[in-house]
Every structure is written in C-alpha cells, then in structure tokens.
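In what follows, a single structure is set out as structure tokens and then discussed.
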Amino acid sequence: MRVYVPLTLPGLAEAYKTGELGEGAFVAYAVTPALREWYLSDDVEELEYAALNRAALASLRLVAVDPRAARRRVVVAVDVADQDAVADPDRGLDPVALGEVRVAGPVSLGKAAAVHVDSAEAEGEVGEAADALGAADQGDDDAQFIVDGADDHELLWYATQEIPNLVGLGG
C-alpha cells in the first residue's frame with residue numbers, strides 16, 4: 001500500500017540521518033475506504049492525489065508548530081505492507097481523518113518511492129497558511145481562504161536520491 005507521510009524539512013533531514021520514517025507508530029495518509037466514499041471516485045490516481053493532499057495539509061500543521069522548519073510542506077510517498085497501515089474505523093467519515101492511517105512503523109526510508117516538497121517560491125504563502133491555521137480551525141472564513149491558498153502550489157516531485165540536496169546535506 002502506498003502511504004503519504006507528512007513531514008517538515010527538518011523531519012526529512014532526521015529521517016535521512018536515521019534511515020527511518022517514524023520512531024514508532026505514526027500517522028500517514030492513504031487511499032482508505034472512507035476516502036474512496038468521500039471522493040466518490042474509482043480513479044486510483046485521483047484518489048492517491050487526494051491522499052497526497054491530505055498529507056500536505058498535515059505537513060502544513062507540522063510546519064505551523066515548528067519554528068525552525070522552512071515554510072515548505074514535505075510529503076514522503078512510501079510503500080508498506082497492507083497490514084502495516086490501518087485506518088481507524090471509529091473515525092469513519094470524519095472529514096478531519098479522511099485518508100488517515102496509522103503505520104506500525106518505523107519504516108525504512110529505503111522503501112520511499114518519492115518525496116514531494118513545495119518550491120522555495122511557495123514559502124511566503126505556505127508560511128501565511130501555517131500562521132492562519134488556528135483561526136481557520138476556529139471557523140474564520142478569511143483564514144480558511146489563506147490556508148486553502150497553499151493548495152495553489154503543487155508539491156514538486158523529487159527522487160529519493162535527491163533528499164541530501166533537499167535537506168542541505170548534498171555535495
């Protein structure tokens with residue numbers, strides 16, 4: 001199963017250093033039955049894109065609480081055994097938990113298929129979105145508009161061999 005792991009650039013650097021995603025069980029996003037039902041689509045690529053976007057929002061939340069993190073969303077796409085990524089049936093169609101799975105973890109970074117990261121040009125709007133998250137969560141429509149604006153920036157695709165350059169460890 002392909003899962004999308006939300007991180008920050010410092011989190012990606014740590015995963016690169018240790019060779020693992022997660023220290024124990026961790027949250028990721030995947031094409032779950034609830035996500036399929038919510039999006040009413042049978043197109044696997046469309047559903048995976050939806051799961052990637054859910055992970056990007058979770059990454060934005062991580063950016064918001066980490067003052068040392070560059071204002072760029074980071075998502076690692078990794079393949080895990082189906083039994084190692086489980087959706088919480090009690091959260092069902094809760095919009096906040098759509099696509100959310102708990103990965104038994106840790107997972108070798110060597111199993112990663114790709115890394116998705118905002119461009120440097122997105123940092124301003126992603127930073128504004130991170131700052132607006134709290135107000136958006138409280139129902140502020142203007143703040144939600146700012147948060148949604150981060151989605152105007154497509155995450156760029158990187159091969160896993162490019163991780164050292166992404167985290168400033170490249171030659």
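For the structure tokens, the naming scheme is as follows: chains receive sequential letters (A, B, ...) according to their order of presentation, residues are indexed from 1 within each chain, and ligands are indexed from 1 in presentation order.
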
What's the 10 Å shell around segment 67-71 of chain A, counting only C-alpha atoms, without same-chain residues fewer than 6 positions away, as a PyMOL selection string?
chain A and resi 7-11+60+118-120+122-130

In chain A, what's strand (DSSP E) per DSSP? Answer as a PyMOL selection string?
chain A and resi 2-7+20-21+26-29+74-79+85-86+100-103+107-108+112-117+156-158

With C-alpha atoms kept, could you save the residues just selected as a PDB file, in the first residue's frame?
ATOM      1  CA  ARG A   2       1.261   3.461  -0.868  1.00  0.00           C
ATOM      2  CA  VAL A   3       1.117   5.834   2.089  1.00  0.00           C
ATOM      3  CA  TYR A   4       1.952   9.523   2.228  1.00  0.00           C
ATOM      4  CA  VAL A   5       3.909  10.622   5.280  1.00  0.00           C
ATOM      5  CA  PRO A   6       3.699  14.301   6.264  1.00  0.00           C
ATOM      6  CA  LEU A   7       6.982  15.849   7.419  1.00  0.00           C
ATOM      7  CA  GLU A  20      13.842   5.553   9.005  1.00  0.00           C
ATOM      8  CA  LEU A  21      10.493   7.257   8.953  1.00  0.00           C
ATOM      9  CA  PHE A  26       2.990   7.217  13.085  1.00  0.00           C
ATOM     10  CA  VAL A  27       0.186   8.838  11.092  1.00  0.00           C
ATOM     11  CA  ALA A  28       0.213   8.823   7.311  1.00  0.00           C
ATOM     12  CA  TYR A  29      -2.427   9.134   4.582  1.00  0.00           C
ATOM     13  CA  VAL A  74       7.024  17.870   2.734  1.00  0.00           C
ATOM     14  CA  VAL A  75       5.388  14.524   1.994  1.00  0.00           C
ATOM     15  CA  VAL A  76       7.216  11.219   1.555  1.00  0.00           C
ATOM     16  CA  ALA A  77       5.478   8.547  -0.535  1.00  0.00           C
ATOM     17  CA  VAL A  78       6.395   5.116   0.803  1.00  0.00           C
ATOM     18  CA  ASP A  79       5.160   1.597   0.199  1.00  0.00           C
ATOM     19  CA  ALA A  85      -1.231   0.753   7.614  1.00  0.00           C
ATOM     20  CA  VAL A  86      -4.600   0.690   9.356  1.00  0.00           C
ATOM     21  CA  GLU A 100      -5.650   8.872   7.765  1.00  0.00           C
ATOM     22  CA  VAL A 101      -3.900   5.607   8.619  1.00  0.00           C
ATOM     23  CA  ARG A 102      -1.659   4.532  11.453  1.00  0.00           C
ATOM     24  CA  VAL A 103       1.545   2.924  10.234  1.00  0.00           C
ATOM     25  CA  VAL A 107       9.648   2.250   8.068  1.00  0.00           C
ATOM     26  CA  SER A 108      12.943   2.218   6.210  1.00  0.00           C
ATOM     27  CA  ALA A 112      10.271   5.510  -0.163  1.00  0.00           C
ATOM     28  CA  ALA A 113       9.134   5.916  -3.754  1.00  0.00           C
ATOM     29  CA  ALA A 114       9.425   9.709  -3.908  1.00  0.00           C
ATOM     30  CA  VAL A 115       9.482  12.926  -1.932  1.00  0.00           C
ATOM     31  CA  HIS A 116       7.089  15.809  -2.600  1.00  0.00           C
ATOM     32  CA  VAL A 117       8.144  19.305  -1.464  1.00  0.00           C
ATOM     33  CA  LEU A 156       7.236  19.173  -6.597  1.00  0.00           C
ATOM     34  CA  TRP A 157       8.317  15.567  -7.136  1.00  0.00           C
ATOM     35  CA  TYR A 158      11.828  14.504  -6.145  1.00  0.00           C
TER      36      TYR A 158
END

List the spatial neighbours of Glu48 of chain A as a PDB file with C-alpha atoms, in the first residue's frame - criterion: any atom at most 12 Å away, only C-alpha atoms, same-chain residues fewer than 6 positions off excluded.
ATOM      1  CA  MET A   1       0.000   0.000   0.000  1.00  0.00           C
ATOM      2  CA  ARG A   2       1.261   3.461  -0.868  1.00  0.00           C
ATOM      3  CA  VAL A   3       1.117   5.834   2.089  1.00  0.00           C
ATOM      4  CA  TYR A   4       1.952   9.523   2.228  1.00  0.00           C
ATOM      5  CA  TYR A  29      -2.427   9.134   4.582  1.00  0.00           C
ATOM      6  CA  ALA A  30      -3.581   6.591   2.022  1.00  0.00           C
ATOM      7  CA  VAL A  31      -6.491   5.617  -0.172  1.00  0.00           C
ATOM      8  CA  THR A  32      -8.833   4.277   2.502  1.00  0.00           C
ATOM      9  CA  LEU A  35     -11.537   8.443   1.289  1.00  0.00           C
ATOM     10  CA  ARG A  36     -12.988   6.486  -1.650  1.00  0.00           C
ATOM     11  CA  TYR A  39     -14.432  11.494  -3.113  1.00  0.00           C
ATOM     12  CA  SER A  41     -14.168   8.233  -7.473  1.00  0.00           C
ATOM     13  CA  ASP A  42     -12.806   4.981  -8.816  1.00  0.00           C
ATOM     14  CA  ARG A  54      -4.414  15.274   2.904  1.00  0.00           C
ATOM     15  CA  ALA A  55      -0.793  14.589   3.858  1.00  0.00           C
ATOM     16  CA  ALA A  77       5.478   8.547  -0.535  1.00  0.00           C
ATOM     17  CA  GLY A  99      -7.402   9.019   4.415  1.00  0.00           C
TER      18      GLY A  99
END

Within segment 14-83 of chain A, find each residue whose DSSP state, derived from the backbone, is helix (DSSP H, G or I), and express the selection as a PyMOL selection string.
chain A and resi 14-18+33-39+44-65+82-83

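Interatomic distance, atom CA of Glu154 of chain A to atom CA of Ala56 of chain A: 9.9 Å.
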
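Relative to atom CA of Asn53 of chain A, atom CA of Pro33 of chain A is found at 16.5 Å.
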
What lies within 10 Å of Gln144 of chain A using only C-alpha atoms, ignoring chain neighbours under 5 positions off, as number ranges by chain?
A: 129, 132-139, 149

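Here atom CA of Arg73 of chain A is placed at a distance of 12.5 Å from atom CA of Asp152 of chain A.
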